[in-house]
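Chemist: Here you go, this is input_9.txt (compact mmCIF, C-alpha atoms).
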# COMPACT_ATOMS: atom_id res chain seq x y z
CA MET A 18 -14.64 1.90 -15.15
CA THR A 19 -14.54 -0.22 -11.98
CA ILE A 20 -13.75 -3.90 -12.57
CA PRO A 21 -16.27 -6.22 -10.82
CA GLU A 22 -14.82 -8.37 -8.02
CA THR A 23 -15.67 -11.58 -9.91
CA GLN A 24 -13.49 -10.52 -12.87
CA PHE A 25 -10.75 -8.87 -10.88
CA LYS A 26 -8.88 -12.09 -10.07
CA THR A 27 -8.52 -12.77 -13.82
CA VAL A 28 -7.43 -9.19 -14.49
CA PHE A 29 -4.95 -9.35 -11.61
CA SER A 30 -3.55 -12.70 -12.83
CA ASP A 31 -3.09 -11.27 -16.34
CA MET A 32 -1.28 -8.27 -14.89
CA VAL A 33 1.04 -10.54 -12.87
CA ARG A 34 1.81 -12.67 -15.96
CA GLU A 35 2.66 -9.57 -17.97
CA LYS A 36 4.67 -7.75 -15.30
CA LEU A 37 6.31 -10.66 -13.45
CA PRO A 38 9.56 -10.52 -15.50
CA LEU A 39 9.85 -6.80 -14.72
CA TYR A 40 9.13 -7.28 -11.01
CA ARG A 41 11.58 -10.18 -10.79
CA SER A 42 14.22 -8.21 -12.65
CA ILE A 43 13.87 -5.26 -10.25
CA ALA A 44 13.95 -7.54 -7.19
CA ILE A 45 16.91 -9.70 -8.21
CA GLY A 46 18.93 -6.58 -9.05
CA ILE A 47 18.59 -5.62 -5.39
CA VAL A 48 18.67 -8.93 -3.48
CA ASN A 49 20.80 -10.98 -5.92
CA SER A 50 19.02 -14.22 -5.01
CA ARG A 51 16.18 -15.87 -6.93
CA ALA A 52 14.43 -17.14 -3.80
CA ASP A 53 14.59 -13.76 -2.05
CA ALA A 54 13.54 -11.96 -5.23
CA ASP A 55 10.44 -14.16 -5.53
CA ASP A 56 9.67 -13.63 -1.83
CA ALA A 57 9.89 -9.85 -2.29
CA VAL A 58 7.70 -9.94 -5.42
CA GLN A 59 5.13 -12.19 -3.75
CA SER A 60 5.00 -9.92 -0.71
CA ALA A 61 4.49 -6.84 -2.94
CA LEU A 62 1.76 -8.60 -4.93
CA LEU A 63 -0.04 -9.67 -1.75
CA LYS A 64 -0.10 -6.02 -0.69
CA GLY A 65 -1.42 -5.10 -4.12
CA TRP A 66 -4.12 -7.79 -3.91
CA ARG A 67 -5.19 -6.63 -0.44
CA LYS A 68 -5.47 -3.03 -1.65
CA ARG A 69 -7.27 -3.99 -4.87
CA ALA A 70 -10.45 -2.15 -3.99
CA ALA A 71 -8.61 1.15 -4.21
CA PHE A 72 -7.34 0.38 -7.75
CA LYS A 73 -10.30 -1.35 -9.38
CA SER A 74 -10.77 1.42 -11.88
CA ASP A 75 -7.09 1.63 -12.84
CA ILE A 76 -5.13 -1.60 -13.19
CA ALA A 77 -2.17 0.28 -14.75
CA ALA A 78 -1.88 2.37 -11.59
CA LEU A 79 -1.97 -0.85 -9.54
CA SER A 80 0.85 -2.44 -11.58
CA GLY A 81 3.00 0.70 -11.18
CA TRP A 82 2.26 0.83 -7.47
CA VAL A 83 3.27 -2.84 -7.12
CA ALA A 84 6.55 -2.14 -8.99
CA ARG A 85 7.39 0.54 -6.44
CA ILE A 86 6.46 -1.79 -3.56
CA VAL A 87 8.75 -4.45 -5.11
CA VAL A 88 11.68 -2.03 -4.65
CA SER A 89 10.92 -1.38 -0.97
CA GLU A 90 10.14 -5.06 -0.25
CA SER A 91 13.42 -6.08 -1.89
CA TYR A 92 15.38 -3.70 0.33
CA ASP A 93 13.52 -5.06 3.37
CA GLN A 94 14.45 -8.57 2.24
CA LEU A 95 18.09 -7.49 1.83
CA ARG A 96 18.14 -6.01 5.34
CA ARG A 97 16.60 -9.17 6.82
CA ARG A 98 19.20 -11.30 5.09
CA ARG A 99 22.03 -9.10 6.37
CA LYS A 100 20.61 -9.37 9.88
CA SER A 101 20.68 -13.15 9.68
CA SER A 102 24.31 -12.93 8.48
CA LEU A 103 23.61 -14.68 5.22
CA MET A 104 24.81 -11.89 2.95
CA LEU A 105 25.78 -13.37 -0.38
CA GLU A 106 28.44 -12.14 -2.76
CA GLN A 107 27.36 -9.24 -4.92
CA PHE A 108 27.16 -10.35 -8.57
CA ASP A 109 28.66 -13.40 -10.18
CA PRO A 110 32.47 -13.38 -9.87
CA ASP A 111 32.78 -15.67 -12.88
CA ASN A 112 31.17 -13.04 -15.02
CA ALA A 113 33.25 -10.64 -17.09
CA GLY A 114 34.55 -7.60 -15.29
CA GLY A 115 36.32 -9.21 -12.38
CA ARG A 116 36.86 -7.95 -8.88
CA ARG A 117 37.28 -4.26 -9.73
CA ASP A 118 33.80 -4.19 -11.28
CA GLN A 119 32.41 -6.01 -8.27
CA ARG A 120 33.87 -3.46 -5.89
CA GLU A 121 32.56 -0.55 -7.97
CA PHE A 122 29.09 -2.05 -8.27
CA ALA A 123 29.02 -2.82 -4.55
CA ARG A 124 29.89 0.84 -3.81
CA LEU A 125 27.25 2.02 -6.28
CA ASP A 126 24.61 -0.30 -4.80
CA ALA A 127 25.46 0.89 -1.28
CA ALA A 128 25.06 4.50 -2.48
CA ILE A 129 21.71 3.68 -4.16
CA GLU A 130 20.50 2.06 -0.95
CA LYS A 131 21.19 5.33 0.89
CA LEU A 132 18.97 7.33 -1.49
CA PRO A 133 15.55 8.47 -0.29
CA GLU A 134 12.85 5.97 -1.34
CA LEU A 135 11.54 8.13 -4.20
CA TYR A 136 14.95 8.34 -5.91
CA ARG A 137 15.86 4.74 -5.11
CA GLU A 138 12.77 3.41 -6.88
CA THR A 139 13.42 5.85 -9.75
CA VAL A 140 16.91 4.40 -10.28
CA HIS A 141 15.72 0.78 -10.14
CA ILE A 142 12.62 1.26 -12.28
CA ALA A 143 13.73 3.92 -14.74
CA LEU A 144 17.41 2.99 -15.18
CA PHE A 145 18.10 -0.64 -14.32
CA SER A 146 14.89 -2.22 -15.62
CA LYS A 147 15.63 -0.92 -19.15
CA MET A 148 12.15 0.54 -19.73
CA THR A 149 11.51 3.39 -22.10
CA THR A 150 11.12 6.82 -20.54
CA ASN A 151 7.36 6.79 -21.13
CA GLU A 152 6.96 3.29 -19.67
CA ALA A 153 9.03 4.21 -16.61
CA ALA A 154 7.11 7.48 -16.15
CA ALA A 155 3.79 5.60 -16.34
CA THR A 156 5.04 2.98 -13.86
CA LEU A 157 6.19 5.71 -11.48
CA ASP A 158 2.96 7.64 -12.06
CA CYS A 159 4.69 10.85 -13.10
CA SER A 160 5.38 12.80 -16.30
CA PRO A 161 8.55 12.15 -18.34
CA ASN A 162 9.70 15.64 -17.39
CA THR A 163 9.33 14.86 -13.68
CA LEU A 164 11.14 11.56 -14.27
CA TYR A 165 14.13 13.41 -15.80
CA GLN A 166 14.20 15.77 -12.82
CA ARG A 167 14.09 12.86 -10.36
CA LEU A 168 16.88 11.05 -12.22
CA HIS A 169 19.00 14.21 -12.21
CA LYS A 170 18.46 14.61 -8.46
CA ALA A 171 19.16 10.89 -7.88
CA LYS A 172 22.45 11.16 -9.77
CA THR A 173 23.44 14.29 -7.84
CA LEU A 174 22.80 12.45 -4.57
CA LEU A 175 24.65 9.36 -5.82
CA LYS A 176 27.71 11.45 -6.66
CA LYS A 177 27.56 12.98 -3.19
CA HIS A 178 27.34 9.56 -1.49
CA LEU A 179 30.11 8.10 -3.66
CA ARG A 180 32.28 11.14 -2.99
CA SER A 181 31.79 10.85 0.78
CA ARG A 182 32.83 7.18 0.57
CA ASP A 183 35.91 8.20 -1.40
CA ASP A 184 36.75 10.65 1.39
CA ASP A 185 36.20 7.94 4.04
CA GLU A 186 38.55 5.60 2.22
CA MET B 13 36.17 12.27 -7.31
CA MET B 14 33.50 10.99 -9.69
CA ASN B 15 32.22 13.31 -12.42
CA ASP B 16 28.93 13.11 -14.38
CA LYS B 17 30.45 11.13 -17.23
CA GLU B 18 32.03 8.56 -14.92
CA LEU B 19 28.79 8.14 -12.97
CA ASN B 20 26.78 7.70 -16.18
CA THR B 21 29.29 5.11 -17.41
CA LEU B 22 29.13 3.24 -14.10
CA LEU B 23 25.32 3.29 -14.14
CA ALA B 24 25.29 2.07 -17.76
CA ARG B 25 27.66 -0.79 -16.89
CA ARG B 26 25.54 -1.65 -13.86
CA THR B 27 22.39 -1.61 -16.06
CA ALA B 28 24.06 -3.93 -18.58
CA ARG B 29 24.92 -6.31 -15.74
CA GLN B 30 21.37 -6.31 -14.30
CA PRO B 31 20.77 -10.02 -13.64
CA VAL B 32 18.10 -11.71 -15.71
CA PHE B 33 15.55 -13.79 -13.84
CA SER B 34 13.25 -15.94 -15.90
CA GLY B 35 11.29 -18.59 -14.06
CA ASP B 36 8.07 -20.52 -14.28
CA GLU B 37 5.43 -17.78 -14.20
CA GLU B 38 2.46 -20.14 -13.88
CA LYS B 39 4.08 -21.92 -10.91
CA PHE B 40 4.75 -18.54 -9.31
CA LEU B 41 1.14 -17.50 -9.91
CA ALA B 42 -0.21 -20.76 -8.43
CA ASN B 43 1.98 -20.27 -5.32
CA PHE B 44 0.84 -16.66 -5.12
CA TRP B 45 -2.87 -17.53 -5.09
CA THR B 46 -2.27 -20.27 -2.47
CA GLU B 47 -0.50 -17.72 -0.28
CA ALA B 48 -3.20 -15.10 -0.90
CA GLU B 49 -5.85 -17.60 0.23
CA ARG B 50 -3.82 -18.53 3.32
CA VAL B 51 -3.45 -14.83 4.24
CA ARG B 52 -7.17 -14.25 3.61
CA ARG B 53 -8.14 -17.13 5.92
CA PHE B 54 -5.73 -15.95 8.60
CA HIS B 55 -7.08 -12.39 8.29
CA ARG B 56 -10.67 -13.59 8.43
CA ILE B 57 -10.05 -15.71 11.56
CA THR B 58 -8.24 -12.78 13.22
CA VAL B 59 -11.01 -10.35 12.32
CA HIS B 60 -13.68 -12.78 13.56
CA ARG B 61 -11.88 -13.13 16.88
CA LEU B 62 -11.53 -9.36 17.16
CA TYR B 63 -15.19 -9.04 16.20
CA ALA B 64 -16.23 -11.44 18.96
CA ALA B 65 -14.05 -9.62 21.52
CA ALA B 66 -15.43 -6.26 20.38
CA ALA B 67 -19.02 -7.53 20.53
CA LEU B 68 -18.52 -8.65 24.14
CA LEU B 69 -16.99 -5.31 25.11
CA LEU B 70 -19.68 -3.35 23.27
CA ALA B 71 -22.36 -5.40 25.03
CA ALA B 72 -20.69 -4.51 28.32
CA CYS B 73 -20.64 -0.85 27.19
CA GLY B 74 -24.33 -1.07 26.32
CA VAL B 75 -25.16 -2.42 29.76
CA ALA B 76 -23.16 0.40 31.33
CA ILE B 77 -24.96 3.01 29.21
CA ALA B 78 -28.34 1.45 30.06
CA LEU B 79 -27.51 1.52 33.74
CA TYR B 80 -26.21 5.09 33.61
CA PRO B 81 -28.24 6.76 30.85
CA SER B 82 -26.67 9.83 29.27
CA SER B 83 -28.54 13.11 28.93
CA GLU B 84 -27.21 13.43 25.36
CA PRO B 85 -28.24 10.30 23.39
CA PRO B 86 -26.42 11.23 20.12
CA ASP B 87 -23.13 11.10 21.97
CA ASP B 88 -23.68 7.38 22.52
CA ALA B 89 -23.08 6.68 18.85
CA PHE B 90 -19.79 8.58 18.88
CA ARG B 91 -18.81 6.93 22.16
CA GLN B 92 -19.60 3.49 20.73
CA LEU B 93 -17.53 4.33 17.61
CA SER B 94 -14.52 5.60 19.55
CA GLU B 95 -14.68 2.60 21.92
CA THR B 96 -14.73 0.23 18.93
CA VAL B 97 -11.75 2.02 17.37
CA ARG B 98 -9.89 1.70 20.67
CA ILE B 99 -10.59 -2.06 20.71
CA PHE B 100 -9.70 -2.73 17.07
CA GLY B 101 -6.65 -0.46 16.86
CA GLY B 102 -5.60 2.00 14.19
CA ASP B 103 -5.04 -0.45 11.30
CA VAL B 104 -8.66 -1.63 11.15
CA GLY B 105 -11.25 0.51 9.40
CA VAL B 106 -14.28 0.74 11.66
CA VAL B 107 -17.68 1.51 10.16
CA PHE B 108 -21.20 1.10 11.53
CA LEU B 109 -23.92 0.87 8.89
CA GLY B 110 -27.46 0.89 10.21
CA GLY B 111 -26.10 -0.13 13.61
CA GLU B 112 -24.18 -3.11 12.15
CA LEU B 113 -20.41 -3.18 12.59
CA ALA B 114 -18.45 -3.62 9.34
CA THR B 115 -14.68 -3.73 9.58
CA GLY B 116 -12.17 -3.26 6.81
CA GLU B 117 -8.72 -2.01 6.02
CA ARG B 118 -7.44 1.55 6.20
CA LEU B 119 -4.84 2.84 3.76
CA ARG B 120 -3.36 4.99 6.51
CA HIS B 121 -1.89 3.58 9.69
CA ASP B 122 -2.09 6.58 12.00
CA GLN B 123 -4.86 6.94 14.57
CA PRO B 124 -8.31 7.66 13.00
CA GLU B 125 -8.93 10.95 14.78
CA ASN B 126 -12.19 11.97 13.07
CA LEU B 127 -15.50 10.46 14.24
CA ILE B 128 -18.17 10.99 11.58
CA ARG B 129 -21.91 10.34 11.75
CA LEU B 130 -24.35 10.88 8.90
CA GLU B 131 -27.57 9.50 7.51
CA LEU B 132 -27.68 7.75 4.14
CA ARG B 133 -30.58 6.12 2.34
CA LYS B 134 -30.40 2.39 1.60
CA ASN B 135 -33.26 1.30 -0.68
CA GLY B 136 -35.06 4.49 0.34
CA VAL B 137 -34.77 3.67 4.03
CA PRO B 138 -32.65 5.90 6.31
CA CYS B 139 -29.43 4.17 7.30
CA GLU B 140 -27.00 5.69 9.79
CA LEU B 141 -23.32 5.61 8.85
CA LEU B 142 -20.66 5.97 11.52
CA ILE B 143 -17.03 5.96 10.48
CA ALA B 144 -13.70 6.70 12.14
CA SER B 145 -10.97 8.00 9.86
CA ALA B 146 -7.90 10.17 9.61
CA ASP B 147 -7.78 13.21 7.30
CA ASN B 148 -7.39 12.06 3.67
CA ASP B 149 -7.97 8.42 4.46
CA THR B 150 -9.58 5.45 2.69
CA VAL B 151 -11.47 2.66 4.40
CA ILE B 152 -11.85 -0.50 2.30
CA LEU B 153 -14.71 -2.76 3.35
CA ASP B 154 -14.47 -6.39 2.35
CA SER B 155 -16.82 -8.25 4.68
CA PRO B 156 -19.13 -11.01 3.32
CA PHE B 157 -22.11 -8.65 3.07
CA THR B 158 -20.60 -5.20 2.72
CA LYS B 159 -17.94 -4.35 0.16
CA GLY B 160 -16.58 -1.11 -1.23
CA GLU B 161 -14.69 1.90 -0.05
CA ILE B 162 -15.14 5.23 1.65
CA VAL B 163 -12.63 7.92 0.70
CA VAL B 164 -12.29 10.68 3.26
CA SER B 165 -10.83 14.03 2.16
CA ARG B 166 -10.34 17.06 4.36
CA CYS B 167 -11.46 20.33 2.72
CA ASP B 168 -10.76 22.85 5.47
CA ARG B 169 -10.46 22.98 9.24
CA ASP B 170 -14.16 22.25 9.79
CA THR B 171 -15.20 20.35 6.66
CA ILE B 172 -14.54 16.84 5.44
CA VAL B 173 -15.97 15.20 2.30
CA LEU B 174 -16.82 11.50 2.19
CA ASP B 175 -16.84 9.79 -1.20
CA ILE B 176 -18.90 6.66 -0.55
CA ASP B 177 -19.06 3.62 -2.82
CA ILE B 178 -20.52 0.64 -0.94
CA ARG B 179 -22.29 -2.51 -2.13
CA PHE B 180 -24.47 -4.67 0.09
CA ASP B 181 -24.75 -8.38 -0.81
CA ASP B 182 -23.35 -7.42 -4.25
CA ARG B 183 -26.76 -5.89 -5.06
CA THR B 184 -27.70 -2.66 -3.33
CA GLU B 185 -25.26 0.17 -3.91
CA ILE B 186 -24.74 3.47 -2.17
CA ARG B 187 -22.71 5.89 -4.24
CA THR B 188 -22.58 9.43 -3.06
CA ALA B 189 -20.33 12.25 -1.92
CA VAL B 190 -21.32 13.95 1.32
CA PRO B 191 -19.71 16.88 3.14
CA VAL B 192 -19.68 16.70 6.93
CA TYR B 193 -19.07 19.55 9.33
CA SER B 194 -17.33 19.77 12.66
CA ILE B 195 -19.62 19.87 15.69
CA GLY B 196 -16.68 20.34 18.03
CA GLY B 197 -13.65 18.30 18.94
CA ASP B 198 -13.17 15.25 16.72
CA ARG B 199 -16.87 14.86 15.82
CA TYR B 200 -18.53 15.55 12.47
CA THR B 201 -22.10 15.35 11.17
CA ALA B 202 -23.79 16.11 7.85
CA ASN B 203 -25.66 19.15 9.09
CA GLY B 204 -23.17 20.40 11.66
CA ASN B 205 -25.61 19.64 14.49
CA SER B 206 -25.23 16.82 16.97
Give the structure from this file in structure tokens form.
Modeler:
Amino acid sequence: MTIPETQFKTVFSDMVREKLPLYRSIAIGIVNSRADADDAVQSALLKGWRKRAAFKSDIAALSGWVARIVVSESYDQLRRRRKSSLMLEQFDPDNAGGRRDQREFARLDAAIEKLPELYRETVHIALFSKMTTNEAAATLDCSPNTLYQRLHKAKTLLKKHLRSRDDDE
Amino acid sequence: MMNDKELNTLLARRTARQPVFSGDEEKFLANFWTEAERVRRFHRITVHRLYAAAALLLAACGVAIALYPSSEPPDDAFRQLSETVRIFGGDVGVVFLGGELATGERLRHDQPENLIRLELRKNGVPCELLIASADNDTVILDSPFTKGEIVVSRCDRDTIVLDIDIRFDDRTEIRTAVPVYSIGGDRYTANGNS
């Protein structure tokens, strides 16, 4: 059923309240800065709001679509920050794990960034955001079976990227 | 070289270290709606300026057509549509409803290569619809008087189906699905005749 325009702002606000922690969690995992994460989320939500007419009958599809846009906006934000030479340290060095972990995570993040968009958003939404398989599948608008296949393919590509970096080093 | 187990362990450790970000959601939401309103105003001003520029150019076109009348009047509508698309650019959805220009957003950003003309009925009165779209495109109308969307789906080489859901002044609605047929080149009509 299509939601009338007059009620849609309320429905959209409720969706943002419910999903904001997820969107922020996805974004900060990529940009590692609260301000940049909020910028990326706001930009994704503005796109969602502008395209609302196409999703008025399916708010769940809109929230999943926004989650995927959050991933791509966060990477755009990361690229912009690198361009302006303000790249921050990856992860908190005071946290447990130390420098070896940092290096490994930085290599992994670089490999994830190289993945095609479909697999990149699968890793961030289905793995890092700690959703259940069904929740992640619904967010990514695919079946759990397709999600498993995408994760398998993403991992295969990650191994390939990590291996090529090993060879380079 | 990393094996499956090592990769899974690394991914699990990375997941466990996913930073947590909890902030003031209501403050974020308030900022979001302020920004949405700012963008809407900017968009509206831009569209109004484009509208004014297009109206001037279309008036000039009209004078030119009046001075040099064409032997094929139906072509004028297609010519007017393609000229408007040229003025507005590919990102803007261009629709004429009963001769009135209504602009909106397109979900695709490539050039709208199909020019479609068909006749609808608005409150029982014939109302010509002209729309420029790509194959499998959606045009979202959000002007003060005309809201809704037109979903364009290509069926085969010569046939396109329009799924129309438009509201006028939040009262009158047109909801219908109409096939249109190629009449040659990039032009389509409901009966396949120009």
Chemist: Only residues of chain B matter here; which ones have an atom within 10 Å of chain A, counting only C-alpha atoms? Give them as a ChimeraX atom specification.
Modeler: /B:13-16,18-20,22-35,37-38,40-45,47-48,51-52,117-119,150-154,159-163,182
Chemist: Let me make sure I understand: among B:Leu109, B:Ala114, B:Val173, B:Leu62, which one has the smallest atom-to-atom distance to Asn126 (chain B) if we use only C-alpha atoms?
Modeler: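 For Asn126 (chain B), the nearest of the given residues is B:Val173.
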Chemist: In Å, rounded to a single decimal, give me how far CA of Ile172 (chain B) is from CA of Tyr200 (chain B).
Modeler: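 Computing it gives 8.2 Å between the two atoms.
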Chemist: Using all atoms listed in the file, which residues sit within 12 Å of region 145-147 of chain B once same-chain residues fewer than 2 positions away are excluded, as a ChimeraX atom specification?
Modeler: /B:93-94,97,101-107,116-129,142-143,149-152,162-174,198-200
Chemist: Measure the distance from CA of Leu174 (chain A) to CA of Ala61 (chain A) in Å and round it to one decimal.
Modeler: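 These atoms are spaced 26.6 Å apart.
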Chemist: Using CA of Asp53 (chain A) and CA of Ala127 (chain A) as the two end points, give the distance in Å to one decimal.
Modeler: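 CA of Ala127 (chain A) lies 18.3 Å from CA of Asp53 (chain A).
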Chemist: Gly111 (chain B): which residues within 9 Å, counting all atoms listed in the file, same-chain residues fewer than 5 positions away excluded, as a tab-separated table (two decimals) with C-alpha atoms, in the coordinates of the input?
Modeler:
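Okay, out_34.tsv is ready:
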chain	number	residue	atom	x	y	z
B	139	CYS	CA	-29.43	4.17	7.30
B	140	GLU	CA	-27.00	5.69	9.79
B	141	LEU	CA	-23.32	5.61	8.85
B	142	LEU	CA	-20.66	5.97	11.52
Chemist: Using all atoms listed in the file, which residues sit within 12 Å of Arg183 (chain B) once same-chain residues fewer than 3 positions away are excluded, as a list in words?
Modeler: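 Result of the neighbour search: Pro21 of chain A; Lys134, Asn135, Phe157, Thr158, Lys159, Gly160, Ile178, Arg179, Phe180 and Ile186 of chain B.
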